[in-house]
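Following: one structure in structure tokens, then a few remarks.
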Amino acid sequence: MFDISSDECCAGALDELIQGVQLYKKSDELAELLDAVQQFPILAPFNAMLVSIQKPGARFVLPPEDWQRYYGRNVIPG
């Protein structure tokens, strides 16, 4: 079944991503973004780019189940 709320959510996320990518107009800025993406080999490149745009300087990024498994920490929803 078609769920409009999830489509609106995805459209908003894509709009945010496009705006974020437009910040990288110079080759050195793009190289910096690609270096940041390389820091998260466990993530898909698209997700690593989202992390780099949404939370510059992030150092520890894992799925919630890995935080629990490896560090005994729980991610707070929201």
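By order of appearance in the structure tokens: chains A, B, ..., then residues from 1 within every chain, and ligands from 1 in the order shown.
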
**Study point:** 12 Å contact set for Gln39 (chain A), only C-alpha atoms, chain neighbours under 6 positions out, as an MDAnalysis selection string
**Key:** chainID A and resid 32:33 45 47:49 51:52 56:62

Review point. Residues of chain A in alpha helix (DSSP H) according to DSSP, as a PyMOL selection string?
Key: chain A and resi 4-21+27-38+45-54+64-71

Practice item. Grab the CA of Val75 (chain A) to CA of Phe40 (chain A) distance for me, in Å with one decimal place. Key: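 Separation between CA of Val75 (chain A) and CA of Phe40 (chain A): 18.3 Å.
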
Practice item. Give me, please, the distance in Å between CA of Ile18 (chain A) and CA of Asp35 (chain A), quoted to one decimal. Key: 18.9 Å

Practice item. Quick one: pull the distance between CA of Gly20 (chain A) and CA of Leu50 (chain A), Å, one decimal. Key: 8.7 Å

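Around Asn74 (chain A), within 9 Å and counting only C-alpha atoms, the residues found are Pro64, Glu65, Trp67 and Gln68 of chain A, once anything fewer than 4 positions away on its own chain is removed.
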
Store the residues picked out above, limited to N, CA, C and O atoms, as a PDB file, in the first residue's frame.
ATOM      1  N   PRO A  64      22.237   0.993  15.832  1.00  0.00           N
ATOM      2  CA  PRO A  64      21.886   0.845  17.251  1.00  0.00           C
ATOM      3  C   PRO A  64      22.228  -0.525  17.839  1.00  0.00           C
ATOM      4  O   PRO A  64      22.714  -0.612  18.969  1.00  0.00           O
ATOM      5  N   GLU A  65      22.005  -1.590  17.070  1.00  0.00           N
ATOM      6  CA  GLU A  65      22.279  -2.928  17.616  1.00  0.00           C
ATOM      7  C   GLU A  65      23.771  -3.142  17.877  1.00  0.00           C
ATOM      8  O   GLU A  65      24.156  -3.863  18.796  1.00  0.00           O
ATOM      9  N   TRP A  67      25.860  -0.676  18.830  1.00  0.00           N
ATOM     10  CA  TRP A  67      26.160   0.049  20.072  1.00  0.00           C
ATOM     11  C   TRP A  67      25.863  -0.849  21.268  1.00  0.00           C
ATOM     12  O   TRP A  67      26.637  -0.900  22.227  1.00  0.00           O
ATOM     13  N   GLN A  68      24.756  -1.556  21.224  1.00  0.00           N
ATOM     14  CA  GLN A  68      24.388  -2.441  22.332  1.00  0.00           C
ATOM     15  C   GLN A  68      25.355  -3.613  22.423  1.00  0.00           C
ATOM     16  O   GLN A  68      25.859  -3.934  23.493  1.00  0.00           O
TER      17      GLN A  68
END

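Between Lys55 (chain A) and the residues A:Leu30, A:Cys10, A:Leu43, A:Ala36, the shortest atom-to-atom distance, using only C-alpha atoms, involves A:Ala36.
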